[in-house]
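**Student:** Okay, handing you the structure first.
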Amino acid sequence: MIAKAFALFTDEILKREEGVFWSEDSGDGKIRWIFGWGKKVRADFEKGPFPFFSITSFLGEENQFWHFENYISSDDGAQNGDKSFPQSLQNLRIFSTENSLKSISNEDKDSFCQKVEQVRHLAEEGEIWVLNLAQELSGKVEDEKILLSAFWRFLKSKKRHAGGVVWTNEQKFCSFSPEVFLIQDGNILSTFPIKGTGTKEYLEDSQKEIAELSMVTDLLRNDLGQIAKRVWVENERVLVDRGTHYDAQAQIFAELPDAILTWEDYRKLLPAGSISGAPKKRVVENILSLEGFARKWYTGTFGVKFSPQNAIFNILIRTLFLEDHKWRFPVGAGITFESDPLSEWQETLQKAVILRECL
């Protein structure tokens with residue numbers, strides 16, 4: 001059903017429409033999706049009109065909230081008969097299989113490892129506890145419809161995700177993100193920070209990865225505590241099978257005073273703890289000075305507000321952005337004092353494997 005829905009969405013986009021497709025596969029057999037297309041209007045975070053799609057930048061300083069004239073969701077079902085994905089888009093490629101991911105990064109192994117050492121020194125001095133350090137893969141793109149082709153291939157892989165495609169005059173990207181930032185269900189909020197990527201055996205035994213998730217969990221508990229009357233951790237560490245690798249996540253919940261999540265309160269949670277670090281203010285200062293590219297929407301959030309009381313947002317990681325006939329795909333890793341620079345470099349490249357698979 002989701003493949004049919006995305007084919008319908010693609011059909012509307014190819015008519016020169018603007019639109020957004022959102023889907024979530026939680027891995028328990030439940031897949032929900034919604035897409036909107038056609039004319040759009042700016043929505044208000046608290047007043048709507050609902051439903052609307054929401055994107056925010058890394059620091060939360062930029063945002064777009066769009067309500068479209070047409071919507072279809074998994075509650076409605078994909079209509080208008082059978083629809084297949086256009087054959088003309090199925091073979092689009094960005095680069096050939098012999099291209100090296102390392103050759104299209106703004107960093108090389110040595111420069112990235114040197115920055116990891118700088119972060120380790122900051123940790124040794126007590127300046128930071130954990131910092132998410134990213135590099136950016138990028139290149140030229142000839143056909144923007146590669147976004148539609150890439151997400152189609154991703155859906156066929158049936159991986160767990162919370163992501164989709166944004167195709168508007170302002171923004172074009174597709175997100176294969178595995179990370180749910182925030183779910184609102186009435187006055188209950190939940191968040192699922194991911195820290196640690198690798199084999200199951202590695203994540204079970206790595207004290208560095210265990211400590212990293214613990215620090216980020218504490219940070220998010222404190223963030224939620226600013227807006228909630230009660231916060232609790234339901235699972236401190238769960239290993240999730242992503243097909244080609246595992247990652248580790250926590251499951252944190254909070255109870256709001258009422259069922260309204262205001263924009264002011266949402267902003268207090270940004271930037272997300274799992275893709276910045278702790279302590280947050282000092283970490284963000286160092287991210288801005290160390291990284292050799294501007295994150296912009298990368299590690300921001302993308303989601304849907306279905307109503308004032310119900311919403312879901314991801315974190316914009318594993319996301320392919322298009323701009324000015326160029327594509328970019330940033331990837332990062334959490335750095336602590338225990339980090340091995342070469343292992344962190346390799347972890348970022350491992351996270352880029354999805355790019356190869358879908359392109």
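We name chains A, B, ... following the order of the structure tokens; residues begin at 1 in each chain, and ligands are numbered from 1 as shown.
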Report as a VMD selection string: the residues of stretch 156-344 of chain A with a DSSP assignment of alpha helix (DSSP H), based on the backbone of this structure.
**Tutor:** chain A and resid 156 to 157 200 to 205 207 to 225 263 to 268 280 to 290 341 to 344
**Student:** Could you give me, as CSV, a per-residue list for stretch 13-69 of chain A showing, wherever an atom lies at most 6 Å from an atom of stretch 299-319 of chain A, the closest pair of atoms and their distance in Å to one decimal, using only C-alpha atoms and sorting by chain then residue number from low to high?
**Tutor:**
residue,atom,partner,partner_atom,distance
A:Phe50,CA,A:Ser307,CA,5.6
A:Pro51,CA,A:Phe306,CA,4.3
A:Phe52,CA,A:Lys305,CA,5.5
A:Phe53,CA,A:Val304,CA,4.5
A:Ser54,CA,A:Gly303,CA,5.3
A:Ile55,CA,A:Phe302,CA,4.4
A:Thr56,CA,A:Thr301,CA,5.2
A:Ser57,CA,A:Gly300,CA,4.3
A:Phe58,CA,A:Gly300,CA,3.9
**Student:** If you count only C-alpha atoms, which residues fall within 10 Å of A:Gly139, apart from same-chain ones fewer than 2 positions away, as a list in words?
**Tutor:**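 Contacts, with the query itself left out: Ile94, Phe95, Ile104, Ser105, Leu137, Val141, Leu322, His325, Lys326, Trp327, Arg328 and Phe329 of chain A.
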**Student:** Work out how far apart atom CA of A:Tyr246 and atom CA of A:Ser274 are and give it in Å to one decimal.
**Tutor:**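 Atom-to-atom, atom CA of A:Tyr246 to atom CA of A:Ser274, that is 16.4 Å.
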**Student:** Produce a table with one row for each residue of stretch 13-111 of chain A that has an atom at most 6 Å from any atom of stretch 160-180 of chain A, each row naming the nearest atom pair and its distance in Å at one decimal; use only C-alpha atoms; arrange rows by chain and rising residue number; format as a tab-separated table.
**Tutor:**
residue	atom	partner	partner_atom	distance
A:Glu18	CA	A:Thr168	CA	4.9
A:Gly19	CA	A:Trp167	CA	5.3
A:Val20	CA	A:Val166	CA	4.6
A:Phe21	CA	A:Val165	CA	5.1
A:Trp22	CA	A:Gly164	CA	4.4
A:Ser23	CA	A:Gly163	CA	5.7
A:Glu24	CA	A:Ala162	CA	4.3
A:Asp25	CA	A:Arg160	CA	4.9
A:Ser26	CA	A:Arg160	CA	5.6
A:Gly27	CA	A:Arg160	CA	5.4
**Student:** Now that the selection is made, can you save its residues with N, CA and C atoms as a CSV table (one decimal), in the first residue's frame?
**Tutor:**
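Listing of selection_39.csv after writing:
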chain,number,residue,atom,x,y,z
A,18,GLU,N,3.7,21.0,-6.3
A,18,GLU,CA,4.5,21.0,-5.1
A,18,GLU,C,3.8,19.9,-4.1
A,19,GLY,N,4.6,19.3,-3.3
A,19,GLY,CA,4.1,18.4,-2.3
A,19,GLY,C,5.1,17.8,-1.3
A,20,VAL,N,4.6,17.1,-0.3
A,20,VAL,CA,5.4,16.5,0.7
A,20,VAL,C,4.8,15.1,1.0
A,21,PHE,N,5.7,14.1,1.1
A,21,PHE,CA,5.3,12.8,1.4
A,21,PHE,C,6.0,12.4,2.7
A,22,TRP,N,5.2,11.9,3.7
A,22,TRP,CA,5.8,11.5,5.0
A,22,TRP,C,5.4,10.0,5.2
A,23,SER,N,6.3,9.2,5.7
A,23,SER,CA,6.0,7.9,6.1
A,23,SER,C,6.8,7.4,7.3
A,24,GLU,N,6.2,6.5,8.1
A,24,GLU,CA,6.9,5.9,9.3
A,24,GLU,C,6.7,4.4,9.3
A,25,ASP,N,7.8,3.7,9.3
A,25,ASP,CA,7.7,2.2,9.5
A,25,ASP,C,8.4,1.9,10.8
A,26,SER,N,7.7,1.6,11.8
A,26,SER,CA,8.2,1.4,13.2
A,26,SER,C,8.8,0.0,13.4
A,27,GLY,N,8.6,-0.9,12.4
A,27,GLY,CA,9.2,-2.2,12.5
A,27,GLY,C,8.3,-3.2,13.1
**Student:** Go ahead and compute the interatomic distance for atom CA of A:Glu125 and atom CA of A:Val283, in Å to one decimal.
**Tutor:**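 So the two atoms, atom CA of A:Glu125 and atom CA of A:Val283, lie 13.3 Å apart.
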**Student:** Find the residues around A:Leu92 up to 7 Å (only C-alpha atoms counted), leave out those fewer than 2 positions away in its own chain, and share them as an MDAnalysis selection string.
**Tutor:** chainID A and resid 89:90 146 149
**Student:** Could you write out that same residue set with C-alpha atoms as a CSV table (one decimal), in the first residue's frame?
**Tutor:**
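Output file result-v6.csv is given in full below:
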chain,number,residue,atom,x,y,z
A,89,LEU,CA,12.6,7.3,-12.9
A,90,GLN,CA,13.6,3.9,-11.8
A,146,ILE,CA,16.6,11.6,-8.3
A,149,SER,CA,13.8,7.6,-7.5
**Student:** Check the smallest atom-to-atom distance from each of A:Ser157, A:Asn132, A:Gln249, A:Gln64 to A:Leu288 using only C-alpha atoms, then report the winner.
**Tutor:**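 When distances to A:Leu288 are compared using only C-alpha atoms, the smallest one comes from A:Asn132.
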**Student:** I need the residue nearest A:Met1 from this list: A:Val233, A:Val41, A:Leu148, A:Leu155. Use only C-alpha atoms for the distance.
**Tutor:** A:Leu155
